[in-house]
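Enquirer: Sharing a structure below in structure tokens format, with a few things to ask.
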Amino acid sequence: MLKITNDEFLLLADFIKSNYGINLFNKKSLVEGRLGLMLSAKGYHSFSEYFFEAFSDPTKTEITELVNKLTTNHTFFMRESKHFDFLMSKVLPFFENNIKDYDLRVWSAGCSTGEEPYTLAMIIADYFGNKKSAWDTKILATDISVRALEHAAKGIYTADELKGLSPVWKLRYFQSISDGKFEVSEDIKNEVIFRSFNLMDGIFPFKKKFHIIFCRNVMIYFDYETRKTLINKLYNIMEPGGYLFIGHSEIINRDDSKFRYIIPSVYQKGID
Ligand SMILES: C[S@@+](CC[C@H](N)C(=O)[O-])C[C@H]1O[C@@H](n2cnc3c(N)ncnc32)[C@H](O)[C@@H]1O
């Protein structure tokens with residue numbers, strides 16, 4: 001396995017932080033472990049040689065693979081399930097009563113392999129029931145890891161990955177396919193639009209603002225300033241009254257944004 005020198009590591013950590021927000025500065029062995037074997041297998045003799053190729057590749061193929069390798073995509077269905085209870089009991093009734101054009105806009109920002117946006121789609125389908133056809137409740141689901149997004153779009157999971165779901169949901173929203181795997185139903189898949197998007201981008205190119213944003217367990221990899229900037233961008237792209245869900249180990253300081261604290265890891269934009 002190739003070893004990374006200190007200079008090479010600093011160059012790479014700096015590149016990843018300034019382009020993707022992810023702070024790897026204290027993760028040298030993780031970086032070496034995730035990339036070292038791949039680089040040896042590709043025939044590189046040093047990380048520097050690889051960087052030269054990767055940074056000058058106009059197709060960005062190597063950079064895409066680098067990002068795939070360096071992102072942490074851990075996620076699961078119904079993760080932090082209290083969020084979904086709150087969504088069902090408070091947030092969806094609030095928007096059902098307040099949205100006049102039946103267009104509920106939801107964003108799963110940092111959706112990884114799809115478990116979070118599919119959970120959202122299933123919760124929304126359950127909540128609206130036979131009123132659902134009157135509503136547009138499409139969920140935008142974005143990530144920087146193209147590999148995670150490809151997995152997400154396929155919507156295929158093992159029985160073990162479905163273990164957090166009720167038997168009713170498994171029957172209603174999945175079909176059994178070969179090798180003991182399960183595929184998300186077409187109805188639910190059609191509710192989620194997967195796109196590659198970097199939350200570090202200066203401009204959020206969305207035509208309309210969102211009512212609900214899930215940006216959970218993404219900012220844990222960012223430093224304070226990057227988090228603060230992102231939270232304010234999320235505030236600006238949120239409809240008045242919109243709800244932001246972040247990970248339970250994450251926090252938004254009162255002085256850092258205009259979001260109002262509602263319950264742990266849930267915030268709301270004021271209606272004024
Ligand atoms: C640990 S996963 C969290 C997945 C899901 N939100 C959850 O809570 O289960 C974090 C995801 O954030 C993505 N991510 C990290 N930096 C990002 C950025 N700058 N823009 C978009 N996505 C990013 C990673 O690729 C990864 O898939």
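Residues are referred to by chain and number: the chain letter is A, B, ... according to the order shown in the structure tokens, the number counts from 1 in that chain, and ligands are numbered separately from 1 in the order shown.
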Check every protein, DNA and RNA residue against ligand 1, keep those with an atom at most 6 Å away (counting only C-alpha atoms and all ligand atoms), and present them as a VMD selection string.

Expert: chain A and resid 20 to 22 71 to 76 110 to 112 116 143 to 145 197 to 200 215 to 218

Enquirer: Keeping C-alpha atoms, export the residues of the selection given above as a PDB file, in the first residue's frame.

Expert:
ATOM      1  CA  TYR A  20     -16.154  20.117  -0.223  1.00  0.00           C
ATOM      2  CA  GLY A  21     -16.008  21.472   3.340  1.00  0.00           C
ATOM      3  CA  ILE A  22     -14.882  18.134   4.769  1.00  0.00           C
ATOM      4  CA  THR A  71     -16.809  10.747   1.996  1.00  0.00           C
ATOM      5  CA  THR A  72     -18.372   8.864   4.874  1.00  0.00           C
ATOM      6  CA  ASN A  73     -21.761   7.615   3.717  1.00  0.00           C
ATOM      7  CA  HIS A  74     -23.021   5.837   6.829  1.00  0.00           C
ATOM      8  CA  THR A  75     -26.824   6.050   7.018  1.00  0.00           C
ATOM      9  CA  PHE A  76     -29.856   3.852   7.635  1.00  0.00           C
ATOM     10  CA  GLY A 110     -26.412  14.929   1.973  1.00  0.00           C
ATOM     11  CA  CYS A 111     -28.719  11.988   1.220  1.00  0.00           C
ATOM     12  CA  SER A 112     -25.961   9.374   0.882  1.00  0.00           C
ATOM     13  CA  GLU A 116     -33.129   9.168   4.373  1.00  0.00           C
ATOM     14  CA  ASP A 143     -24.951  14.423  -2.364  1.00  0.00           C
ATOM     15  CA  ILE A 144     -21.385  14.855  -3.620  1.00  0.00           C
ATOM     16  CA  SER A 145     -20.694  11.134  -3.716  1.00  0.00           C
ATOM     17  CA  PHE A 197     -24.820  18.807  -5.629  1.00  0.00           C
ATOM     18  CA  ASN A 198     -22.033  20.286  -3.512  1.00  0.00           C
ATOM     19  CA  LEU A 199     -23.289  22.171  -0.470  1.00  0.00           C
ATOM     20  CA  MET A 200     -20.144  24.323  -0.686  1.00  0.00           C
ATOM     21  CA  CYS A 215     -29.299  18.182   6.397  1.00  0.00           C
ATOM     22  CA  ARG A 216     -28.320  15.582   8.951  1.00  0.00           C
ATOM     23  CA  ASN A 217     -24.875  14.277   9.842  1.00  0.00           C
ATOM     24  CA  VAL A 218     -23.244  16.273   7.065  1.00  0.00           C
TER      25      VAL A 218
END

Enquirer: Do a neighbour search on A:Ile203 at 12 Å with only C-alpha atoms, toss out local chain neighbours closer than 4 positions, and write the hits as an NGL selection string.

Expert: :A and (197-199 or 207 or 229-230 or 233-234 or 236-237)

Enquirer: Could the residues in this selection be saved with C-alpha atoms as a compact mmCIF listing (two decimals), in the first residue's frame?

Expert:
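Generated file (result-v3.txt):
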# COMPACT_ATOMS: atom_id res chain seq x y z
CA PHE A 197 -24.82 18.81 -5.63
CA ASN A 198 -22.03 20.29 -3.51
CA LEU A 199 -23.29 22.17 -0.47
CA LYS A 207 -36.12 27.90 -8.50
CA THR A 229 -22.07 29.72 6.15
CA LEU A 230 -24.04 26.62 5.15
CA LYS A 233 -27.52 29.46 2.96
CA LEU A 234 -30.09 26.89 4.12
CA ASN A 236 -32.10 31.77 2.71
CA ILE A 237 -33.39 28.86 0.60

Enquirer: Tell me, counting only C-alpha atoms, for each residue of stretch 168-253 of chain A within 10 Å of stretch 124-127 of chain A, which pair of atoms is nearest and how far apart they are in Å to one decimal, in rows ordered by chain and increasing number, as a tab-separated table.

Expert:
residue	atom	partner	partner_atom	distance
A:Trp169	CA	A:Asp126	CA	9.4
A:Tyr173	CA	A:Ala125	CA	9.8
A:Asp187	CA	A:Ala125	CA	9.4
A:Ile188	CA	A:Ala125	CA	8.2
A:Glu191	CA	A:Ala125	CA	9.4

Enquirer: Check the DSSP output for the backbone and give back, as a tab-separated table (two decimals) with C-alpha atoms, in the first residue's frame, the residues of stretch 122-158 of chain A in strand (DSSP E).

Expert:
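out16.tsv, freshly written:
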chain	number	residue	atom	x	y	z
A	139	ILE	CA	-38.22	15.15	-2.59
A	140	LEU	CA	-34.94	16.51	-3.92
A	141	ALA	CA	-32.07	14.33	-2.66
A	142	THR	CA	-28.48	15.50	-3.21
A	143	ASP	CA	-24.95	14.42	-2.36
A	156	ILE	CA	-31.91	-1.91	-3.69
A	157	TYR	CA	-31.15	-2.91	-0.10
A	158	THR	CA	-30.42	-6.09	1.84

Enquirer: Determine, counting only C-alpha atoms, which protein, DNA and RNA residues have an atom within 12 Å of an atom of A:Phe9; residues of the same chain fewer than 5 positions away are not included. Present the result as a VMD selection string.

Expert: chain A and resid 3 to 4 14 to 16 24 to 32 35 to 36 46 to 48 51

Enquirer: Once you have the residues from the selection above, write them out as a PDB file, in the first residue's frame, restricted to N, CA and C atoms.

Expert:
ATOM      1  N   LYS A   3       2.270   4.876   0.837  1.00  0.00           N
ATOM      2  CA  LYS A   3       2.268   5.748   2.019  1.00  0.00           C
ATOM      3  C   LYS A   3       2.137   7.203   1.552  1.00  0.00           C
ATOM      4  N   ILE A   4       1.474   8.006   2.365  1.00  0.00           N
ATOM      5  CA  ILE A   4       1.332   9.427   2.016  1.00  0.00           C
ATOM      6  C   ILE A   4       2.301  10.247   2.872  1.00  0.00           C
ATOM      7  N   ASP A  14      -6.237  20.016   2.294  1.00  0.00           N
ATOM      8  CA  ASP A  14      -6.568  21.393   1.954  1.00  0.00           C
ATOM      9  C   ASP A  14      -7.522  21.445   0.751  1.00  0.00           C
ATOM     10  N   PHE A  15      -7.241  20.633  -0.244  1.00  0.00           N
ATOM     11  CA  PHE A  15      -8.090  20.579  -1.440  1.00  0.00           C
ATOM     12  C   PHE A  15      -9.511  20.133  -1.065  1.00  0.00           C
ATOM     13  N   ILE A  16      -9.617  19.093  -0.250  1.00  0.00           N
ATOM     14  CA  ILE A  16     -10.935  18.560   0.112  1.00  0.00           C
ATOM     15  C   ILE A  16     -11.696  19.568   0.967  1.00  0.00           C
ATOM     16  N   LEU A  24     -10.431  16.897   6.975  1.00  0.00           N
ATOM     17  CA  LEU A  24      -9.746  15.608   7.155  1.00  0.00           C
ATOM     18  C   LEU A  24      -8.403  15.786   7.860  1.00  0.00           C
ATOM     19  N   PHE A  25      -8.136  17.001   8.376  1.00  0.00           N
ATOM     20  CA  PHE A  25      -6.781  17.312   8.835  1.00  0.00           C
ATOM     21  C   PHE A  25      -6.264  16.376   9.930  1.00  0.00           C
ATOM     22  N   ASN A  26      -7.170  15.813  10.733  1.00  0.00           N
ATOM     23  CA  ASN A  26      -6.684  14.860  11.754  1.00  0.00           C
ATOM     24  C   ASN A  26      -6.998  13.408  11.365  1.00  0.00           C
ATOM     25  N   LYS A  27      -7.113  13.158  10.056  1.00  0.00           N
ATOM     26  CA  LYS A  27      -7.503  11.803   9.617  1.00  0.00           C
ATOM     27  C   LYS A  27      -6.498  11.228   8.617  1.00  0.00           C
ATOM     28  N   LYS A  28      -5.215  11.420   8.937  1.00  0.00           N
ATOM     29  CA  LYS A  28      -4.189  10.986   7.970  1.00  0.00           C
ATOM     30  C   LYS A  28      -4.251   9.479   7.701  1.00  0.00           C
ATOM     31  N   SER A  29      -4.387   8.680   8.766  1.00  0.00           N
ATOM     32  CA  SER A  29      -4.367   7.232   8.521  1.00  0.00           C
ATOM     33  C   SER A  29      -5.621   6.778   7.782  1.00  0.00           C
ATOM     34  N   LEU A  30      -6.753   7.457   8.049  1.00  0.00           N
ATOM     35  CA  LEU A  30      -7.986   7.114   7.311  1.00  0.00           C
ATOM     36  C   LEU A  30      -7.776   7.380   5.814  1.00  0.00           C
ATOM     37  N   VAL A  31      -7.201   8.544   5.502  1.00  0.00           N
ATOM     38  CA  VAL A  31      -6.974   8.923   4.102  1.00  0.00           C
ATOM     39  C   VAL A  31      -6.022   7.925   3.438  1.00  0.00           C
ATOM     40  N   GLU A  32      -4.922   7.631   4.139  1.00  0.00           N
ATOM     41  CA  GLU A  32      -3.940   6.694   3.581  1.00  0.00           C
ATOM     42  C   GLU A  32      -4.579   5.319   3.360  1.00  0.00           C
ATOM     43  N   LEU A  35      -7.111   5.395   0.363  1.00  0.00           N
ATOM     44  CA  LEU A  35      -6.584   5.655  -0.985  1.00  0.00           C
ATOM     45  C   LEU A  35      -5.366   4.816  -1.356  1.00  0.00           C
ATOM     46  N   GLY A  36      -4.597   4.419  -0.334  1.00  0.00           N
ATOM     47  CA  GLY A  36      -3.299   3.778  -0.596  1.00  0.00           C
ATOM     48  C   GLY A  36      -3.410   2.550  -1.495  1.00  0.00           C
ATOM     49  N   SER A  46       3.538   7.200  -6.275  1.00  0.00           N
ATOM     50  CA  SER A  46       3.438   8.134  -5.142  1.00  0.00           C
ATOM     51  C   SER A  46       2.094   8.847  -5.210  1.00  0.00           C
ATOM     52  N   PHE A  47       1.683   9.415  -4.080  1.00  0.00           N
ATOM     53  CA  PHE A  47       0.463  10.232  -4.061  1.00  0.00           C
ATOM     54  C   PHE A  47       0.631  11.449  -4.969  1.00  0.00           C
ATOM     55  N   SER A  48       1.853  12.025  -4.996  1.00  0.00           N
ATOM     56  CA  SER A  48       2.089  13.217  -5.829  1.00  0.00           C
ATOM     57  C   SER A  48       1.814  12.919  -7.299  1.00  0.00           C
ATOM     58  N   PHE A  51      -1.881  12.857  -7.716  1.00  0.00           N
ATOM     59  CA  PHE A  51      -2.492  14.204  -7.672  1.00  0.00           C
ATOM     60  C   PHE A  51      -2.297  14.920  -8.999  1.00  0.00           C
TER      61      PHE A  51
END

Enquirer: What does the distance from atom CA of A:Pro240 to atom CA of A:Asp272 come to in Å, to one decimal?

Expert: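 Calculated distance between atom CA of A:Pro240 and atom CA of A:Asp272 is 7.1 Å.
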
Enquirer: Apply DSSP to the structure's backbone, then extract all residues of stretch 214-255 of chain A labelled helix (DSSP H, G or I) and return them as a PyMOL selection string.

Expert: chain A and resi 219-221+224-236+254-255

Enquirer: Store the residues of this selection in a file with C-alpha atoms, as a PDB file, in the first residue's frame.

Expert:
ATOM      1  CA  MET A 219     -21.974  19.287   9.003  1.00  0.00           C
ATOM      2  CA  ILE A 220     -20.171  17.072  11.549  1.00  0.00           C
ATOM      3  CA  TYR A 221     -17.354  16.914   9.017  1.00  0.00           C
ATOM      4  CA  TYR A 224     -17.306  26.119  12.486  1.00  0.00           C
ATOM      5  CA  GLU A 225     -17.113  28.773   9.743  1.00  0.00           C
ATOM      6  CA  THR A 226     -18.176  26.332   7.014  1.00  0.00           C
ATOM      7  CA  ARG A 227     -21.138  25.201   9.153  1.00  0.00           C
ATOM      8  CA  LYS A 228     -22.194  28.761   9.838  1.00  0.00           C
ATOM      9  CA  THR A 229     -22.065  29.717   6.154  1.00  0.00           C
ATOM     10  CA  LEU A 230     -24.044  26.624   5.153  1.00  0.00           C
ATOM     11  CA  ILE A 231     -26.713  27.180   7.825  1.00  0.00           C
ATOM     12  CA  ASN A 232     -27.283  30.693   6.536  1.00  0.00           C
ATOM     13  CA  LYS A 233     -27.516  29.460   2.956  1.00  0.00           C
ATOM     14  CA  LEU A 234     -30.094  26.894   4.119  1.00  0.00           C
ATOM     15  CA  TYR A 235     -31.989  29.689   5.889  1.00  0.00           C
ATOM     16  CA  ASN A 236     -32.104  31.768   2.714  1.00  0.00           C
ATOM     17  CA  ARG A 254     -28.428  31.056  18.644  1.00  0.00           C
ATOM     18  CA  ASP A 255     -26.107  33.852  17.414  1.00  0.00           C
TER      19      ASP A 255
END

Enquirer: Grab the atom CA of A:His211 to atom CA of A:Phe86 distance for me, in Å with one decimal place.

Expert: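 Those two atoms sit 14.5 Å apart.
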
Enquirer: Give me the residues near A:Leu37 as a list in words, where near means some atom within 10 Å (using only C-alpha atoms) and where sequence neighbours in that chain fewer than 6 positions away do not count.

Expert: Met1, Leu2, Lys3 and Gly43 of chain A

Enquirer: With distances taken over only C-alpha atoms, which of A:Pro264, A:Gly270, A:Gly33, A:Pro205 is nearest to A:His248?

Expert: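 Result for the nearest residue to A:His248: A:Pro264.
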
Enquirer: With 10 Å as the cut-off and only C-alpha atoms counted, what is the closest atom pair between each nearby residue of stretch 120-166 of chain A and stretch 97-101 of chain A? Distances in Å to one decimal, ordered by chain and number, as a Markdown table.

Expert:
| residue | atom | partner | partner_atom | distance |
| --- | --- | --- | --- | --- |
| A:Ala134 | CA | A:Asp101 | CA | 9.7 |
| A:Trp135 | CA | A:Asp101 | CA | 8.4 |
| A:Asp136 | CA | A:Asp101 | CA | 9.1 |

Enquirer: Let me see the file: selected residues, C-alpha atoms, as a PDB file, in the first residue's frame.

Expert:
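Everything below was put into again07.pdb:
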ATOM      1  CA  ALA A 134     -53.752  16.076  -4.913  1.00  0.00           C
ATOM      2  CA  TRP A 135     -50.245  17.016  -3.752  1.00  0.00           C
ATOM      3  CA  ASP A 136     -46.839  17.433  -5.357  1.00  0.00           C
TER       4      ASP A 136
END

Enquirer: Under the rule that only C-alpha atoms are counted, which of A:Leu165, A:Ile263, A:Leu120, A:Val192 is the nearest residue to A:Met88?

Expert: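 The answer is A:Leu120, which sits nearest to A:Met88.
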